[in-house]
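Enquirer: Attaching a single structure in structure tokens format; questions to follow.
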Protein chains: 2
Amino acid sequence: MFDPAFKNFASPLAPDAPAERRSTVLALHSYPAKSTCSNCNSRDMCLPSGLKIEEMDQIDLVVDQRRHVKKGGLLFHSGDRFAQLFAIRSGFFKSYIASEDGSEQVTGFQMAGDVLGLDGIASEHHTCNAVALEDSEVCLMPFNRIQDLSRTIAPLQRHVHRIMSREIVRENDTMLLLGSMRSEARLASFLLNLVDRMHARGFSQSQLVLRMTREEIGSYLGLKLETVSRVFSKFAKRGLVDVDKRNIAILRSDLLRAVVHQPKRRGRSDSLDCMAKLP
Amino acid sequence: MFDPAFKNFASPLAPDAPAERRSTVLALHSYPAKSTCSNCNSRDMCLPSGLKIEEMDQIDLVVDQRRHVKKGGLLFHSGDRFAQLFAIRSGFFKSYIASEDGSEQVTGFQMAGDVLGLDGIASEHHTCNAVALEDSEVCLMPFNRIQDLSRTIAPLQRHVHRIMSREIVRENDTMLLLGSMRSEARLASFLLNLVDRMHARGFSQSQLVLRMTREEIGSYLGLKLETVSRVFSKFAKRGLVDVDKRNIAILRSDLLRAVVHQPKRRGRSDSLDCMAKLP
DNA sequence: CGAGTCATTGATCTGTCTCAATATTAGTGG
DNA sequence: CCACTAATATTGAGACAGATCAATGACTCG
């Protein structure tokens, strides 16, 4: 069912070096950026397009350092002083808020090209935590430098505004999901979104490797991990997806999309329900 | 229980003219801004502080028009071309997304000093709807003018960034609410947040007039209107609040805060549950 | 005054959570 | 290298919070 080369295909940026052991200690291997933004893979994701040559040179000033973060490593913590944004060069992160009573709410999953830390601008302090779910590399972008440069480079200014607005829209969509969808619609929506974003980065349109646990998915979707697991099984039984641990193959994205829009109650026991009885 | 002058006290900006009938037609009474931002009530809410005098003059250029929106009037609609941000001068709005299947999800309630339309920056088109819940007045701020000015006025630039970041944090908090709180915690959190924001605008710390229906509250909180109504009644019975239609008096904000942090299940039938048995 | 909106409350139903048992896998240390 | 422990995932049975369905009352507005 799964391509033997699947693992590598699904994550060309993550070499198959043995996964390092989980550690909550921040790996502080910062170093000056040698390769410039101009030749970065994720260039179109985190930088504006249509720059003049002289502007391009200045843009490289936005990133002053890179940093490796090991799997399990904290990029920033709620309460930390905000000084910079982080552009993910490779890897995968989750961001989450921890409430006083110990419960966690995952607020998003970020991958290469995504920007982390926007929450910290308002109060000069971060309000959530960001943890790497696999060995990752991020570009540090001091925010006052971004502000300075975007005062002279209008495309950069527009880009910063767009990135922040995009985050607002993304969270709006998540609120819709959390506020009004059934468990099946939530997971279907989640999978489609994830595979879309991977596809935009050059990965498969139908296969993906989850970097997070069922519990983290559940936290993001406002469900318990058991519910996530059950819905995965249900989808698999209906032939919508193929689930093997964290390897997911989307078999019928059309039907998954239908699940997202399915009303809460009315008109059951038809259409899709008949598929539940397949062998 | 309620101050006779309560209604006026609670909404000094809304004269007690008879409420106009609900209409979906946009009231297009735009007119040049005569009174400047410099002397606006909501000044500190939507504009940066610590400006030089010459900068202050330029800031007034940000707002080129004002617009009255009647109760029920649409400020903007999902799909509309984005051209400007809206600063609420007086009144009250809800923003919401409508999904294909007709269901609505309220994504926020906005009051004087709040800024609407940030979602439209990313794609140049609005992604949600904004409707006035009472007769309101907004300041139109053409976004390209904001961008131009914020390239020369650093405090304005910082302010724009902060406003957008604040919205991101607010939505993060809402995701926490929707993803992991019980119905009681959601409503308690909602009431405390609302009264806090009103208080920051000079209103009472303990009394407020809801501008939205139970259904709109429910949509925002991911609950059905009946549940909202029941939780209101429960709070009232316990003496946490006094509920008279849309007039709410917060009697025990300390206990309300406790409700927010109450765990989901464990350790029931004590503390607050004993209070449910009060006469 | 009649129609429509809004709110409250009760009775019942159900989707998801909780509790629990079992596999499977990954990481750790001898 | 293998045993051991912890983390992760699956699945079942039962419980409960909140949804659904339904009836009623209060209020608003033509």
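Naming scheme: A, B, ... for chains in displayed order of the structure tokens; residues 1 onward per chain; ligands 1 onward as shown.
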Please extract the residues of segment 85-218 of chain B with a backbone DSSP assignment of strand (DSSP E) and present them as JSON, numbers by chain.
Expert: {"B": [85, 86, 87, 88, 89, 90, 91, 92, 93, 94, 95, 96, 97, 98, 104, 105, 106, 107, 108, 109, 110, 111, 115, 116, 129, 130, 131, 132, 133, 134, 135, 136, 137, 138, 139, 140, 141, 142, 207, 208, 209]}
Enquirer: Determine which residues of segment 27-271 of chain A receive a DSSP assignment of alpha helix (DSSP H), computed from the backbone, and state them as a PyMOL selection string.
Expert: chain A and resi 43-46+53-59+143-152+154-180+183-200+214-221+225-238+253-260+271
Enquirer: The selected residues should be written to file as an mmCIF file, in the first residue's frame (atoms: C-alpha atoms).
Expert:
data_model
loop_
_atom_site.group_PDB
_atom_site.id
_atom_site.type_symbol
_atom_site.label_atom_id
_atom_site.label_comp_id
_atom_site.auth_asym_id
_atom_site.auth_seq_id
_atom_site.Cartn_x
_atom_site.Cartn_y
_atom_site.Cartn_z
ATOM 1 C CA ARG A 43 12.080 31.687 -0.409
ATOM 2 C CA ASP A 44 8.645 32.297 -1.889
ATOM 3 C CA MET A 45 6.983 31.255 1.332
ATOM 4 C CA CYS A 46 8.552 33.720 3.695
ATOM 5 C CA ILE A 53 18.291 43.617 -7.038
ATOM 6 C CA GLU A 54 19.451 46.172 -4.544
ATOM 7 C CA GLU A 55 16.452 45.386 -2.369
ATOM 8 C CA MET A 56 17.286 41.703 -2.573
ATOM 9 C CA ASP A 57 20.662 42.393 -1.022
ATOM 10 C CA GLN A 58 19.038 44.216 1.845
ATOM 11 C CA ILE A 59 16.535 41.419 2.385
ATOM 12 C CA PHE A 143 11.860 42.174 14.467
ATOM 13 C CA ASN A 144 13.216 45.693 14.736
ATOM 14 C CA ARG A 145 15.332 44.966 11.712
ATOM 15 C CA ILE A 146 12.209 43.840 9.875
ATOM 16 C CA GLN A 147 10.509 47.055 10.894
ATOM 17 C CA ASP A 148 13.440 49.196 9.799
ATOM 18 C CA LEU A 149 13.757 47.512 6.439
ATOM 19 C CA SER A 150 10.058 47.468 5.745
ATOM 20 C CA ARG A 151 10.027 51.237 6.106
ATOM 21 C CA THR A 152 12.196 51.542 3.006
ATOM 22 C CA ALA A 154 7.513 48.591 0.464
ATOM 23 C CA PRO A 155 7.199 44.999 -0.812
ATOM 24 C CA LEU A 156 8.627 43.755 2.475
ATOM 25 C CA GLN A 157 6.176 45.898 4.387
ATOM 26 C CA ARG A 158 3.253 44.482 2.434
ATOM 27 C CA HIS A 159 4.603 41.010 2.937
ATOM 28 C CA VAL A 160 4.756 41.361 6.702
ATOM 29 C CA HIS A 161 1.199 42.625 6.758
ATOM 30 C CA ARG A 162 0.061 39.775 4.574
ATOM 31 C CA ILE A 163 1.718 37.146 6.727
ATOM 32 C CA MET A 164 0.062 38.475 9.851
ATOM 33 C CA SER A 165 -3.299 38.733 8.140
ATOM 34 C CA ARG A 166 -2.941 35.204 6.830
ATOM 35 C CA GLU A 167 -2.449 33.998 10.369
ATOM 36 C CA ILE A 168 -5.607 35.812 11.447
ATOM 37 C CA VAL A 169 -7.562 34.139 8.660
ATOM 38 C CA ARG A 170 -6.107 30.748 9.519
ATOM 39 C CA GLU A 171 -7.184 31.124 13.120
ATOM 40 C CA ASN A 172 -10.623 32.247 12.000
ATOM 41 C CA ASP A 173 -10.946 29.027 10.067
ATOM 42 C CA THR A 174 -9.823 27.047 13.070
ATOM 43 C CA MET A 175 -12.463 28.753 15.174
ATOM 44 C CA LEU A 176 -15.073 27.651 12.657
ATOM 45 C CA LEU A 177 -13.762 24.129 12.922
ATOM 46 C CA LEU A 178 -13.744 24.098 16.717
ATOM 47 C CA GLY A 179 -17.041 25.871 17.062
ATOM 48 C CA SER A 180 -19.271 24.069 14.668
ATOM 49 C CA SER A 183 -15.388 15.068 15.005
ATOM 50 C CA GLU A 184 -15.305 13.522 11.544
ATOM 51 C CA ALA A 185 -15.436 16.895 9.824
ATOM 52 C CA ARG A 186 -12.653 18.167 12.073
ATOM 53 C CA LEU A 187 -10.281 15.367 11.245
ATOM 54 C CA ALA A 188 -11.155 15.408 7.545
ATOM 55 C CA SER A 189 -10.574 19.147 7.452
ATOM 56 C CA PHE A 190 -7.296 18.726 9.295
ATOM 57 C CA LEU A 191 -5.983 16.067 6.924
ATOM 58 C CA LEU A 192 -6.965 17.995 3.821
ATOM 59 C CA ASN A 193 -5.367 21.152 5.126
ATOM 60 C CA LEU A 194 -2.175 19.362 6.028
ATOM 61 C CA VAL A 195 -1.824 17.578 2.724
ATOM 62 C CA ASP A 196 -2.592 20.799 0.863
ATOM 63 C CA ARG A 197 0.166 22.620 2.639
ATOM 64 C CA MET A 198 2.583 19.768 2.034
ATOM 65 C CA HIS A 199 1.623 19.729 -1.609
ATOM 66 C CA ALA A 200 2.280 23.465 -1.884
ATOM 67 C CA ARG A 214 -2.925 11.506 18.189
ATOM 68 C CA GLU A 215 -3.082 13.463 21.396
ATOM 69 C CA GLU A 216 -1.608 16.560 19.742
ATOM 70 C CA ILE A 217 -4.017 16.237 16.847
ATOM 71 C CA GLY A 218 -6.816 15.896 19.373
ATOM 72 C CA SER A 219 -5.695 18.944 21.282
ATOM 73 C CA TYR A 220 -5.640 20.982 18.101
ATOM 74 C CA LEU A 221 -9.058 19.729 17.037
ATOM 75 C CA LEU A 225 -6.984 11.161 21.456
ATOM 76 C CA GLU A 226 -9.293 8.137 21.557
ATOM 77 C CA THR A 227 -11.789 9.979 19.401
ATOM 78 C CA VAL A 228 -9.086 10.855 16.894
ATOM 79 C CA SER A 229 -8.027 7.244 16.752
ATOM 80 C CA ARG A 230 -11.593 6.044 16.284
ATOM 81 C CA VAL A 231 -12.264 8.491 13.472
ATOM 82 C CA PHE A 232 -9.076 7.420 11.732
ATOM 83 C CA SER A 233 -10.289 3.834 11.920
ATOM 84 C CA LYS A 234 -13.720 4.827 10.660
ATOM 85 C CA PHE A 235 -12.204 6.645 7.681
ATOM 86 C CA ALA A 236 -9.988 3.678 6.918
ATOM 87 C CA LYS A 237 -12.926 1.282 7.091
ATOM 88 C CA ARG A 238 -14.836 3.427 4.616
ATOM 89 C CA SER A 253 -10.080 13.326 -1.067
ATOM 90 C CA ASP A 254 -13.429 14.022 -2.728
ATOM 91 C CA LEU A 255 -15.261 12.003 -0.096
ATOM 92 C CA LEU A 256 -13.150 13.529 2.656
ATOM 93 C CA ARG A 257 -14.223 16.951 1.456
ATOM 94 C CA ALA A 258 -17.821 15.746 1.558
ATOM 95 C CA VAL A 259 -17.364 14.718 5.181
ATOM 96 C CA VAL A 260 -16.242 18.241 6.054
ATOM 97 C CA SER A 271 -24.885 8.112 1.224
#
Enquirer: Tell me, as a ChimeraX atom specification, which residues lie within 7 Å of Ser136 of chain A, counting only C-alpha atoms (C1' of nucleotides); anything in the same chain fewer than 6 positions away does not count.
Expert: /A:68-70,90-92
Enquirer: Using only C-alpha atoms (C1' of nucleotides) and a distance of at most 10 Å, pull out the residues of chain C that contact chain A, as a PyMOL selection string.
Expert: chain C and resi 15-18+24-27
Enquirer: Identify every residue of chain D that has at least one atom within 8 Å of any atom of chain A, counting only C-alpha atoms (C1' of nucleotides), and report the result as a compact mmCIF listing (two decimals) with C-alpha atoms (C1' of nucleotides), in the first residue's frame.
Expert:
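out23.txt was written with the following content:
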# COMPACT_ATOMS: atom_id res chain seq x y z
C1' DT D 8 1.88 5.80 21.74
C1' DA D 9 -2.10 3.68 19.56
C1' DT D 10 -6.25 0.90 19.22
Enquirer: Between atom CA of Gly239 of chain A and atom CA of Lys264 of chain A, what is the distance in Å, rounded to a tenth?
Expert: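 Going from atom CA of Gly239 of chain A over to atom CA of Lys264 of chain A, I get 21.2 Å.
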Enquirer: Expressed in Å to a single decimal, how great is the separation between atom CA of Val106 of chain A and atom CA of Ala132 of chain A?
Expert: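 Atom CA of Ala132 of chain A lies 12.8 Å from atom CA of Val106 of chain A.
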Enquirer: Enter the distance from atom CA of Gln262 of chain B to atom CA of Asp101 of chain A, in Å, rounded to one decimal.
Expert: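 If I compute the distance from atom CA of Gln262 of chain B to atom CA of Asp101 of chain A, I get 8.2 Å.
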Enquirer: Tell me, as an MDAnalysis selection string, which residues lie within 10 Å of DG14 of chain D, counting only C-alpha atoms (C1' of nucleotides); anything in the same chain fewer than 2 positions away does not count.
Expert: (chainID C and resid 18:19) or (chainID D and resid 12 16)
Enquirer: Quick one: residues within 10 Å of Ala98 of chain B, only C-alpha atoms (C1' of nucleotides) counted, chain neighbours fewer than 4 positions away excluded, as a list in words?
Expert: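 Close residues of Ala98 of chain B: Leu176 of chain A; Ser78, Gly102, Ser103, Glu104, Gln105, Val106, Thr127, Cys128 and Asn129 of chain B.
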Enquirer: In terms of the shortest atom-to-atom distance over only C-alpha atoms, which of A:Ile248, A:Leu133, A:Phe109, A:Ile97 is closest to chain B?
Expert: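 Closest to chain B, using only C-alpha atoms: A:Ile97.
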